[in-house]
file upload_6.txt (compact mmCIF, C-alpha atoms)
# COMPACT_ATOMS: atom_id res chain seq x y z
CA MET H 1 102.41 76.97 132.22
CA LEU H 2 99.21 74.93 132.59
CA MET H 3 96.27 77.26 133.17
CA ASP H 4 93.39 74.82 132.96
CA SER H 5 92.41 71.44 131.50
CA VAL H 6 92.36 73.26 128.16
CA ASN H 7 94.69 76.22 127.97
CA PRO H 8 93.28 79.39 126.39
CA VAL H 9 94.59 80.68 123.10
CA VAL H 10 95.88 84.15 123.86
CA VAL H 11 95.72 86.53 120.91
CA ILE H 12 97.78 89.71 120.70
CA ALA H 13 96.22 91.66 117.83
CA GLY H 14 96.18 95.25 116.63
CA PRO H 15 97.35 97.49 113.80
CA THR H 16 100.81 97.41 112.30
CA ALA H 17 103.57 99.11 114.34
CA VAL H 18 101.42 99.28 117.49
CA GLY H 19 103.89 97.19 119.50
CA LYS H 20 102.60 93.61 119.32
CA THR H 21 106.00 91.97 118.86
CA GLN H 22 107.62 93.25 122.04
CA VAL H 23 104.72 92.44 124.32
CA SER H 24 104.37 88.99 122.76
CA LEU H 25 108.01 88.23 123.54
CA GLU H 26 107.59 89.40 127.13
CA LEU H 27 104.40 87.39 127.51
CA ALA H 28 105.84 84.20 126.01
CA LYS H 29 108.87 84.53 128.27
CA ALA H 30 106.70 85.03 131.37
CA LEU H 31 104.48 82.04 130.49
CA SER H 32 107.35 79.84 129.24
CA SER H 33 105.39 79.42 126.04
CA GLU H 34 105.65 79.76 122.26
CA ILE H 35 104.32 82.13 119.60
CA ILE H 36 102.12 81.46 116.57
CA ASN H 37 102.50 83.98 113.75
CA ALA H 38 99.23 85.55 112.56
CA ASP H 39 100.70 87.91 109.97
CA SER H 40 99.99 86.63 106.46
CA MET H 41 103.13 88.17 104.92
CA GLN H 42 105.48 86.71 107.55
CA LEU H 43 104.56 83.29 106.20
CA TYR H 44 106.95 83.98 103.30
CA ARG H 45 110.63 83.08 103.29
CA GLY H 46 112.85 86.00 102.42
CA MET H 47 110.28 88.72 103.13
CA ASP H 48 112.03 89.84 106.27
CA ILE H 49 112.71 93.58 106.37
CA GLY H 50 109.43 94.70 104.82
CA THR H 51 107.33 92.57 107.19
CA ALA H 52 109.29 93.59 110.31
CA LYS H 53 110.03 89.91 110.90
CA LEU H 54 112.09 89.28 114.02
CA ARG H 55 115.55 87.94 113.31
CA LEU H 56 116.24 84.54 114.83
CA GLU H 57 118.72 86.05 117.28
CA ASP H 58 116.11 88.54 118.50
CA ARG H 59 113.49 85.93 119.37
CA LEU H 60 114.94 85.36 122.86
CA GLY H 61 115.06 81.64 122.28
CA ILE H 62 111.26 81.52 121.98
CA LYS H 63 109.92 79.14 119.36
CA HIS H 64 107.89 80.87 116.63
CA HIS H 65 105.45 78.83 114.54
CA LEU H 66 104.20 79.54 110.99
CA ILE H 67 107.02 81.86 109.98
CA ASP H 68 108.96 81.24 106.74
CA VAL H 69 106.69 78.38 105.63
CA LEU H 70 105.87 79.57 102.09
CA GLU H 71 107.90 80.33 98.98
CA ILE H 72 107.19 83.77 97.54
CA THR H 73 105.56 82.26 94.46
CA GLN H 74 103.00 80.38 96.56
CA ILE H 75 99.59 81.79 97.47
CA ALA H 76 98.90 82.57 101.12
CA ASN H 77 95.66 80.69 101.76
CA VAL H 78 93.64 81.42 104.90
CA SER H 79 91.95 78.01 104.89
CA ASP H 80 95.35 76.27 104.86
CA TYR H 81 96.50 78.59 107.63
CA GLN H 82 93.42 77.68 109.67
CA LEU H 83 94.12 73.96 109.33
CA VAL H 84 97.82 74.14 110.20
CA GLY H 85 97.41 76.81 112.89
CA ARG H 86 94.78 74.82 114.75
CA ALA H 87 97.03 71.76 114.67
CA VAL H 88 99.79 73.84 116.26
CA ILE H 89 97.38 75.03 118.96
CA GLN H 90 96.29 71.48 119.77
CA ASP H 91 99.90 70.31 119.95
CA MET H 92 100.83 73.17 122.30
CA ARG H 93 97.86 72.41 124.53
CA ILE H 94 98.89 68.77 124.75
CA GLN H 95 102.29 69.98 125.93
CA GLY H 96 100.63 72.14 128.60
CA LEU H 97 101.60 75.39 126.87
CA VAL H 98 99.48 78.52 126.47
CA PRO H 99 99.29 79.21 122.72
CA ILE H 100 100.07 82.87 121.93
CA ALA H 101 98.90 84.00 118.48
CA VAL H 102 100.34 87.34 117.38
CA GLY H 103 99.62 89.43 114.31
CA GLY H 104 97.53 91.97 112.48
CA SER H 105 95.88 89.84 109.79
CA GLY H 106 92.30 89.97 111.02
CA LEU H 107 90.85 87.24 108.81
CA TYR H 108 93.65 84.85 109.77
CA ILE H 109 93.00 85.40 113.46
CA THR H 110 89.26 84.97 113.00
CA ALA H 111 89.81 81.78 111.00
CA LEU H 112 92.16 80.45 113.66
CA LEU H 113 89.69 80.93 116.52
CA ASP H 114 86.18 80.84 115.10
CA ASP H 115 84.03 78.35 113.25
CA LEU H 116 84.55 79.78 109.79
CA ASN H 117 84.08 77.54 106.77
CA PHE H 118 85.35 78.68 103.40
CA PRO H 119 83.36 78.57 100.15
CA PRO H 120 84.65 76.33 97.32
CA THR H 121 87.18 77.35 94.71
CA ASP H 122 87.77 76.25 91.12
CA ALA H 123 91.01 76.81 89.22
CA GLN H 124 89.36 77.25 85.82
CA VAL H 125 86.76 79.71 87.04
CA ARG H 126 89.42 81.63 88.97
CA ALA H 127 91.72 81.78 85.92
CA HIS H 128 88.88 83.05 83.72
CA LEU H 129 88.01 85.82 86.18
CA GLU H 130 91.66 86.76 86.66
CA ALA H 131 92.03 87.09 82.87
CA GLN H 132 89.03 89.42 82.86
CA LEU H 133 90.57 91.38 85.71
CA GLU H 134 93.78 91.77 83.75
CA GLU H 135 91.89 92.91 80.65
CA LEU H 136 89.15 95.08 82.16
CA GLY H 137 90.66 96.28 85.44
CA PRO H 138 89.48 96.05 89.07
CA LYS H 139 87.03 98.97 88.91
CA PHE H 140 85.05 97.34 86.10
CA MET H 141 85.00 94.03 87.99
CA HIS H 142 83.93 95.84 91.14
CA ARG H 143 80.97 97.39 89.31
CA ARG H 144 79.91 93.87 88.32
CA LEU H 145 80.16 92.83 91.97
CA VAL H 146 78.00 95.80 92.99
CA GLU H 147 75.25 94.45 90.72
CA LEU H 148 75.53 90.85 91.95
CA ASP H 149 76.44 91.28 95.62
CA PRO H 150 76.17 94.89 96.87
CA GLU H 151 76.88 93.88 100.48
CA SER H 152 80.25 92.33 99.63
CA ALA H 153 81.02 95.16 97.18
CA GLN H 154 80.62 97.66 99.98
CA ARG H 155 83.17 95.79 102.09
CA ILE H 156 85.73 95.20 99.33
CA ASP H 157 87.94 98.04 98.08
CA SER H 158 87.36 98.70 94.38
CA ALA H 159 91.12 98.45 93.81
CA ASN H 160 91.46 95.04 95.49
CA GLY H 161 91.30 92.83 92.41
CA ARG H 162 92.14 89.60 94.26
CA ARG H 163 89.21 89.89 96.68
CA ILE H 164 86.82 91.01 93.93
CA VAL H 165 87.74 87.94 91.88
CA ARG H 166 87.23 85.69 94.90
CA ALA H 167 83.76 87.12 95.55
CA LEU H 168 82.76 86.71 91.90
CA GLU H 169 84.16 83.16 91.89
CA VAL H 170 81.99 82.18 94.86
CA ILE H 171 78.91 83.66 93.20
CA GLU H 172 79.57 81.72 90.01
CA LEU H 173 80.25 78.43 91.82
CA THR H 174 77.49 78.54 94.42
CA GLY H 175 74.83 80.81 92.96
CA GLU H 176 74.87 82.66 96.27
CA THR H 177 76.43 85.94 97.30
CA PHE H 178 79.88 85.86 98.81
CA ALA H 179 78.56 87.54 101.97
CA SER H 180 75.88 84.89 102.49
CA THR H 181 78.32 81.98 102.19
CA LEU H 182 80.40 83.16 105.13
CA PRO H 183 78.72 81.93 108.33
CA LYS H 184 78.64 83.92 111.50
CA SER H 185 81.60 83.30 113.78
CA ASN H 186 81.16 80.79 116.58
CA PRO H 187 83.95 79.79 118.98
CA ALA H 188 85.82 76.77 117.65
CA MET H 189 89.10 76.83 119.59
CA ALA H 190 87.63 77.97 122.93
CA PRO H 191 88.69 79.01 125.40
CA ASP H 192 90.47 82.06 124.06
CA ILE H 193 91.49 85.50 125.29
CA ARG H 194 91.60 88.21 122.65
CA ILE H 195 93.77 91.23 123.38
CA ALA H 196 93.89 94.14 120.94
CA LEU H 197 96.48 96.87 121.35
CA THR H 198 95.83 100.49 120.52
CA ARG H 199 97.74 103.77 120.57
CA ASN H 200 97.11 107.45 120.18
CA ARG H 201 96.59 108.06 116.44
CA ALA H 202 99.43 110.59 116.14
CA ASP H 203 101.79 108.26 118.01
CA LEU H 204 100.91 105.31 115.78
CA ASP H 205 101.36 107.38 112.62
CA LEU H 206 104.80 108.46 113.80
CA ARG H 207 105.78 104.87 114.58
CA ILE H 208 104.69 103.82 111.09
CA GLU H 209 106.79 106.57 109.49
CA GLU H 210 109.80 105.58 111.60
CA ARG H 211 109.33 101.91 110.77
CA VAL H 212 109.17 102.48 107.01
CA ASN H 213 112.21 104.76 107.11
CA GLU H 214 114.07 102.10 109.09
CA MET H 215 113.11 99.44 106.55
CA TRP H 216 114.57 101.55 103.76
CA ASN H 217 117.75 102.08 105.81
CA LEU H 218 118.03 98.35 106.52
CA GLY H 219 118.00 97.59 102.79
CA LEU H 220 114.40 96.85 101.80
CA VAL H 221 115.10 97.89 98.20
CA ASN H 222 117.92 95.33 97.99
CA GLU H 223 115.68 92.72 99.59
CA VAL H 224 113.01 93.28 96.94
CA THR H 225 115.61 93.19 94.16
CA GLY H 226 116.87 89.83 95.39
CA LEU H 227 113.34 88.44 95.73
CA LEU H 228 112.51 89.50 92.17
CA ASP H 229 115.34 87.23 91.06
CA GLN H 230 113.54 84.44 92.93
CA GLY H 231 110.18 85.12 91.28
CA LEU H 232 108.52 87.72 93.51
CA ASP H 233 106.80 89.28 90.51
CA ARG H 234 105.05 85.91 89.96
CA GLY H 235 103.82 85.73 93.55
CA VAL H 236 100.07 86.38 93.50
CA THR H 237 99.89 87.51 97.13
CA ALA H 238 103.52 88.20 98.07
CA ARG H 239 104.14 90.83 95.37
CA LYS H 240 101.21 92.91 96.68
CA ALA H 241 102.61 93.33 100.18
CA LEU H 242 102.97 96.92 101.36
CA GLY H 243 106.42 98.26 100.57
CA TYR H 244 107.22 95.43 98.18
CA ALA H 245 104.54 96.45 95.66
CA GLN H 246 105.69 100.08 95.74
CA ILE H 247 109.36 99.21 95.31
CA ILE H 248 108.51 96.91 92.40
CA GLU H 249 106.78 99.89 90.77
CA ALA H 250 109.90 101.98 91.30
CA LEU H 251 112.23 99.31 89.95
CA ASN H 252 109.99 99.07 86.88
CA GLY H 253 110.46 102.81 86.38
CA ASP H 254 106.84 103.74 87.05
CA ILE H 255 107.61 105.87 90.14
CA THR H 256 110.70 107.05 92.00
CA LEU H 257 112.05 105.25 95.05
CA GLU H 258 111.25 108.32 97.14
CA THR H 259 107.65 108.18 95.95
CA ALA H 260 107.63 104.46 96.72
CA LYS H 261 108.61 105.23 100.29
CA SER H 262 106.05 108.00 100.78
CA GLU H 263 103.34 105.79 99.25
CA THR H 264 104.31 102.93 101.55
CA ILE H 265 103.92 105.23 104.55
CA ARG H 266 100.57 106.56 103.35
CA LEU H 267 99.14 103.15 102.53
CA THR H 268 100.44 101.60 105.75
CA LYS H 269 98.65 104.27 107.77
CA ARG H 270 95.47 103.54 105.85
CA TYR H 271 95.94 99.81 106.38
CA ALA H 272 96.38 100.35 110.13
CA ARG H 273 92.97 102.08 110.24
CA LYS H 274 91.40 99.10 108.44
CA GLN H 275 93.05 96.65 110.84
CA GLU H 276 91.68 98.49 113.84
CA SER H 277 88.21 98.63 112.27
CA TRP H 278 88.30 94.87 111.73
CA PHE H 279 89.22 94.13 115.34
CA ARG H 280 86.65 96.64 116.64
CA ARG H 281 83.94 94.44 115.14
CA ASP H 282 84.91 91.56 117.43
CA PRO H 283 83.03 91.97 120.74
CA LYS H 284 85.41 89.56 122.47
CA MET H 285 88.42 91.84 121.97
CA ILE H 286 89.83 93.38 125.14
CA TRP H 287 91.42 96.71 124.21
CA LEU H 288 94.58 97.77 126.02
CA ASP H 289 96.88 100.76 125.64
CA ALA H 290 100.13 99.64 124.02
CA ALA H 291 101.93 102.53 125.77
CA ASP H 292 101.06 101.19 129.24
CA PRO H 293 104.38 100.35 130.98
CA ASP H 294 102.62 97.53 132.88
CA LEU H 295 100.98 96.07 129.77
CA THR H 296 102.44 92.57 130.04
CA SER H 297 101.50 92.31 133.71
CA ARG H 298 97.94 93.39 132.89
CA ILE H 299 97.64 90.71 130.22
CA ILE H 300 98.92 88.05 132.62
CA GLU H 301 96.33 89.20 135.16
CA ILE H 302 93.60 88.80 132.54
CA ILE H 303 94.81 85.29 131.72
CA GLU H 304 94.98 84.28 135.37
CA LYS H 305 91.53 85.72 136.08
CA SER H 306 90.13 83.82 133.12
CA GLY H 307 91.68 80.61 134.40
CA ALA H 308 90.17 81.11 137.85
CA GLU H 309 86.71 81.78 136.40
CA ASN H 310 86.88 78.62 134.28
CA ASP H 311 88.17 76.26 136.96
CA ASP H 312 84.86 74.42 137.09
CA SER H 313 84.12 74.62 133.38
CA VAL H 314 84.18 71.68 131.00
CA TYR H 315 85.42 72.38 127.48
call {"tool": "encode", "arguments": {"input": "upload_6.txt", "output": "structure tokens"}}
result
Amino acid sequence: MLMDSVNPVVVIAGPTAVGKTQVSLELAKALSSEIINADSMQLYRGMDIGTAKLRLEDRLGIKHHLIDVLEITQIANVSDYQLVGRAVIQDMRIQGLVPIAVGGSGLYITALLDDLNFPPTDAQVRAHLEAQLEELGPKFMHRRLVELDPESAQRIDSANGRRIVRALEVIELTGETFASTLPKSNPAMAPDIRIALTRNRADLDLRIEERVNEMWNLGLVNEVTGLLDQGLDRGVTARKALGYAQIIEALNGDITLETAKSETIRLTKRYARKQESWFRRDPKMIWLDAADPDLTSRIIEIIEKSGAENDDSVY
């Protein structure tokens, strides 16, 4: 469906369990288009149940890009995602398709659309900091970050060792704070239309509880057990995914499986709040009620209106 000389990237964002998947399928079907995954954990092969990944037979024949592209021992890298994702967008535009990016990983969506450049990395420096993290713990490393870069420290959870290490790595390599090395976002893949879905808080919490219970019933524990045989415990990013990390703890005997489930529910609710906060910071986001029965039609109207307004524009 050709909307303009350059088709807009349509983003369907929002917190986990809000209902992005269903509306994205309806939208892709209506526009005869394809979907680009913007969920960092759905990049991994084998992580199916715990990421609510659509089975092939449930995708309605719609092509999905950037799903099952990483082994669980590989690191999900946002700069690599940016490079490959933008190539997919360009290819879809050449074909006259409207690219539809769907997911809840805020940084990945921002990297896909905006002019974000990523600070350098160094394997030796990273390894040294990771060894310190292992020895001293994330809270100690976070206190160091507070001294060196209080702005980044305020944004990064004191338990998030991976992000703390990354911030300290940038400081060591560049001599600048992590916050200062990230430029302000400027449109890079324009035009784009950014839709964020929301729901009543109680409704979303209930949907999260139901989703986690369903994952357990579908065999998430067995999925994690099988992935451990494939090296999940060596996966720097994959092993930390919600649900997977808690089940690994249970299988190691640190907590019970019931506690793993309740912790997954609690942490997923907290994560959903963080996702919404991230998207609220983007002034281009158009917020729509996920419970609206005419939601897909409203999104199509927004796309068509945008196309009409840009008829005389040059991109």
call {"tool": "closest_residue", "arguments": {"input": "upload_6.txt", "among": "H:Arg126, H:Ser33, H:Thr73, H:Ala38", "to": "Gly85 (chain H)", "atoms": "all atoms listed in the file"}}
result
H:Ala38
call {"tool": "atom_distance", "arguments": {"input": "upload_6.txt", "atom1": "CA of Gly14 (chain H)", "atom2": "CA of Ala30 (chain H)"}}
result
20.8 Å
call {"tool": "residues_around", "arguments": {"input": "upload_6.txt", "residues": "region 278-294 of chain H", "least_positions_apart": "6", "cutoff": "10 Å", "atoms": "all atoms listed in the file", "output": "PyMOL selection string"}}
result
chain H and resi 11-15+18-20+23+104-107+109-110+185+192-200+203+272+302
call {"tool": "residues_near_point", "arguments": {"input": "upload_6.txt", "point": "(84.3, 80.9, 118.8)", "cutoff": "6 Å", "atoms": "all atoms listed in the file", "output": "list in words"}}
result
Leu113, Asp114, Asn186, Pro187 and Ala188 of chain H
call {"tool": "write_last_selection", "arguments": {"input": "upload_6.txt", "atoms": "C-alpha atoms", "output": "PDB file, keeping the file's coordinate frame"}}
result
ATOM      1  CA  LEU H 113      89.690  80.930 116.520  1.00  0.00           C
ATOM      2  CA  ASP H 114      86.180  80.840 115.100  1.00  0.00           C
ATOM      3  CA  ASN H 186      81.160  80.790 116.580  1.00  0.00           C
ATOM      4  CA  PRO H 187      83.950  79.790 118.980  1.00  0.00           C
ATOM      5  CA  ALA H 188      85.820  76.770 117.650  1.00  0.00           C
TER       6      ALA H 188
END
call {"tool": "closest_residue", "arguments": {"input": "upload_6.txt", "among": "H:Leu136, H:Pro120, H:Leu206, H:Lys274", "to": "Ala167 (chain H)", "atoms": "only C-alpha atoms"}}
result
H:Pro120
call {"tool": "closest_residue", "arguments": {"input": "upload_6.txt", "among": "H:Asn160, H:Ser40, H:Asn117, H:Thr16", "to": "Tyr81 (chain H)", "atoms": "all atoms listed in the file"}}
result
H:Ser40
call {"tool": "atom_distance", "arguments": {"input": "upload_6.txt", "atom1": "CA of Ser152 (chain H)", "atom2": "CA of Ile164 (chain H)"}}
result
8.8 Å
call {"tool": "closest_residue", "arguments": {"input": "upload_6.txt", "among": "H:Pro150, H:Pro119, H:Gly307, H:Gly50", "to": "Thr268 (chain H)", "atoms": "all atoms listed in the file"}}
result
H:Gly50
call {"tool": "axis_aligned_box", "arguments": {"input": "upload_6.txt", "around": "region 245-263 of chain H", "padding_each_side": "5 Å", "output": "lines of an AutoDock Vina configuration file"}}
result
center_x = 107.8
center_y = 102.4
center_z = 93.6
size_x = 18.9
size_y = 21.9
size_z = 24.4
call {"tool": "residues_near_point", "arguments": {"input": "upload_6.txt", "point": "(83.3, 93.2, 97.5)", "cutoff": "12 Å", "atoms": "all atoms listed in the file", "output": "MDAnalysis selection string"}}
result
chainID H and resid 138:139 141:171 177:179
call {"tool": "residues_around", "arguments": {"input": "upload_6.txt", "residues": "Ile49 (chain H)", "least_positions_apart": "3", "cutoff": "12 Å", "atoms": "all atoms listed in the file", "output": "PDB file with C-alpha atoms, in the coordinates of the input"}}
result
ATOM      1  CA  MET H  41     103.130  88.170 104.920  1.00  0.00           C
ATOM      2  CA  GLN H  42     105.480  86.710 107.550  1.00  0.00           C
ATOM      3  CA  TYR H  44     106.950  83.980 103.300  1.00  0.00           C
ATOM      4  CA  ARG H  45     110.630  83.080 103.290  1.00  0.00           C
ATOM      5  CA  GLY H  46     112.850  86.000 102.420  1.00  0.00           C
ATOM      6  CA  ALA H  52     109.290  93.590 110.310  1.00  0.00           C
ATOM      7  CA  LYS H  53     110.030  89.910 110.900  1.00  0.00           C
ATOM      8  CA  LEU H  54     112.090  89.280 114.020  1.00  0.00           C
ATOM      9  CA  ARG H  55     115.550  87.940 113.310  1.00  0.00           C
ATOM     10  CA  ARG H 211     109.330 101.910 110.770  1.00  0.00           C
ATOM     11  CA  VAL H 212     109.170 102.480 107.010  1.00  0.00           C
ATOM     12  CA  ASN H 213     112.210 104.760 107.110  1.00  0.00           C
ATOM     13  CA  GLU H 214     114.070 102.100 109.090  1.00  0.00           C
ATOM     14  CA  MET H 215     113.110  99.440 106.550  1.00  0.00           C
ATOM     15  CA  TRP H 216     114.570 101.550 103.760  1.00  0.00           C
ATOM     16  CA  ASN H 217     117.750 102.080 105.810  1.00  0.00           C
ATOM     17  CA  LEU H 218     118.030  98.350 106.520  1.00  0.00           C
ATOM     18  CA  GLY H 219     118.000  97.590 102.790  1.00  0.00           C
ATOM     19  CA  LEU H 220     114.400  96.850 101.800  1.00  0.00           C
ATOM     20  CA  VAL H 221     115.100  97.890  98.200  1.00  0.00           C
ATOM     21  CA  ASN H 222     117.920  95.330  97.990  1.00  0.00           C
ATOM     22  CA  GLU H 223     115.680  92.720  99.590  1.00  0.00           C
ATOM     23  CA  VAL H 224     113.010  93.280  96.940  1.00  0.00           C
ATOM     24  CA  LEU H 227     113.340  88.440  95.730  1.00  0.00           C
ATOM     25  CA  ALA H 241     102.610  93.330 100.180  1.00  0.00           C
ATOM     26  CA  LEU H 242     102.970  96.920 101.360  1.00  0.00           C
ATOM     27  CA  GLY H 243     106.420  98.260 100.570  1.00  0.00           C
ATOM     28  CA  TYR H 244     107.220  95.430  98.180  1.00  0.00           C
TER      29      TYR H 244
END
call {"tool": "closest_residue", "arguments": {"input": "upload_6.txt", "among": "H:Gln132, H:Asn7, H:Gln22, H:Thr264", "to": "Glu249 (chain H)", "atoms": "all atoms listed in the file"}}
result
H:Thr264
call {"tool": "closest_residue", "arguments": {"input": "upload_6.txt", "among": "H:Val236, H:Ala245, H:Met92, H:Ile300", "to": "Leu257 (chain H)", "atoms": "all atoms listed in the file"}}
result
H:Ala245
call {"tool": "atom_distance", "arguments": {"input": "upload_6.txt", "atom1": "CA of Leu60 (chain H)", "atom2": "CA of Val84 (chain H)"}}
result
24.1 Å
call {"tool": "decode", "arguments": {"input": "upload_6.txt", "residues": "region 274-292 of chain H", "atoms": "N, CA and C atoms", "output": "PDB file, in the first residue's frame"}}
result
ATOM      1  N   LYS H 274       7.924   1.103  33.589  1.00  0.00           N
ATOM      2  CA  LYS H 274       9.120   1.724  33.019  1.00  0.00           C
ATOM      3  C   LYS H 274       8.972   1.907  31.510  1.00  0.00           C
ATOM      4  N   GLN H 275       8.369   0.923  30.851  1.00  0.00           N
ATOM      5  CA  GLN H 275       8.150   1.043  29.405  1.00  0.00           C
ATOM      6  C   GLN H 275       7.277   2.256  29.099  1.00  0.00           C
ATOM      7  N   GLU H 276       6.187   2.379  29.845  1.00  0.00           N
ATOM      8  CA  GLU H 276       5.283   3.498  29.592  1.00  0.00           C
ATOM      9  C   GLU H 276       5.990   4.823  29.859  1.00  0.00           C
ATOM     10  N   SER H 277       6.795   4.890  30.911  1.00  0.00           N
ATOM     11  CA  SER H 277       7.529   6.118  31.217  1.00  0.00           C
ATOM     12  C   SER H 277       8.471   6.484  30.080  1.00  0.00           C
ATOM     13  N   TRP H 278       9.127   5.480  29.511  1.00  0.00           N
ATOM     14  CA  TRP H 278      10.035   5.734  28.387  1.00  0.00           C
ATOM     15  C   TRP H 278       9.275   6.363  27.223  1.00  0.00           C
ATOM     16  N   PHE H 279       8.163   5.746  26.842  1.00  0.00           N
ATOM     17  CA  PHE H 279       7.422   6.233  25.679  1.00  0.00           C
ATOM     18  C   PHE H 279       6.765   7.584  25.949  1.00  0.00           C
ATOM     19  N   ARG H 280       6.450   7.870  27.221  1.00  0.00           N
ATOM     20  CA  ARG H 280       5.855   9.169  27.567  1.00  0.00           C
ATOM     21  C   ARG H 280       6.836  10.314  27.309  1.00  0.00           C
ATOM     22  N   ARG H 281       8.128  10.001  27.309  1.00  0.00           N
ATOM     23  CA  ARG H 281       9.120  11.050  27.076  1.00  0.00           C
ATOM     24  C   ARG H 281       9.228  11.450  25.610  1.00  0.00           C
ATOM     25  N   ASP H 282       8.626  10.665  24.737  1.00  0.00           N
ATOM     26  CA  ASP H 282       8.693  10.946  23.296  1.00  0.00           C
ATOM     27  C   ASP H 282       7.489  11.796  22.894  1.00  0.00           C
ATOM     28  N   PRO H 283       7.702  13.075  22.564  1.00  0.00           N
ATOM     29  CA  PRO H 283       6.570  13.950  22.242  1.00  0.00           C
ATOM     30  C   PRO H 283       5.851  13.577  20.954  1.00  0.00           C
ATOM     31  N   LYS H 284       6.472  12.730  20.134  1.00  0.00           N
ATOM     32  CA  LYS H 284       5.837  12.343  18.865  1.00  0.00           C
ATOM     33  C   LYS H 284       4.851  11.185  19.027  1.00  0.00           C
ATOM     34  N   MET H 285       4.846  10.565  20.213  1.00  0.00           N
ATOM     35  CA  MET H 285       3.947   9.433  20.426  1.00  0.00           C
ATOM     36  C   MET H 285       2.488   9.884  20.453  1.00  0.00           C
ATOM     37  N   ILE H 286       1.664   9.160  19.729  1.00  0.00           N
ATOM     38  CA  ILE H 286       0.213   9.370  19.748  1.00  0.00           C
ATOM     39  C   ILE H 286      -0.373   8.254  20.611  1.00  0.00           C
ATOM     40  N   TRP H 287      -0.993   8.629  21.724  1.00  0.00           N
ATOM     41  CA  TRP H 287      -1.479   7.635  22.676  1.00  0.00           C
ATOM     42  C   TRP H 287      -2.926   7.257  22.370  1.00  0.00           C
ATOM     43  N   LEU H 288      -3.153   5.942  22.264  1.00  0.00           N
ATOM     44  CA  LEU H 288      -4.487   5.425  21.973  1.00  0.00           C
ATOM     45  C   LEU H 288      -4.842   4.346  22.983  1.00  0.00           C
ATOM     46  N   ASP H 289      -6.135   4.233  23.256  1.00  0.00           N
ATOM     47  CA  ASP H 289      -6.642   3.237  24.197  1.00  0.00           C
ATOM     48  C   ASP H 289      -6.668   1.869  23.526  1.00  0.00           C
ATOM     49  N   ALA H 290      -5.912   0.925  24.073  1.00  0.00           N
ATOM     50  CA  ALA H 290      -5.844  -0.419  23.495  1.00  0.00           C
ATOM     51  C   ALA H 290      -7.178  -1.145  23.570  1.00  0.00           C
ATOM     52  N   ALA H 291      -8.073  -0.693  24.454  1.00  0.00           N
ATOM     53  CA  ALA H 291      -9.386  -1.346  24.598  1.00  0.00           C
ATOM     54  C   ALA H 291     -10.414  -0.818  23.603  1.00  0.00           C
ATOM     55  N   ASP H 292     -10.058   0.170  22.807  1.00  0.00           N
ATOM     56  CA  ASP H 292     -10.977   0.741  21.827  1.00  0.00           C
ATOM     57  C   ASP H 292     -11.291  -0.299  20.753  1.00  0.00           C
TER      58      ASP H 292
END
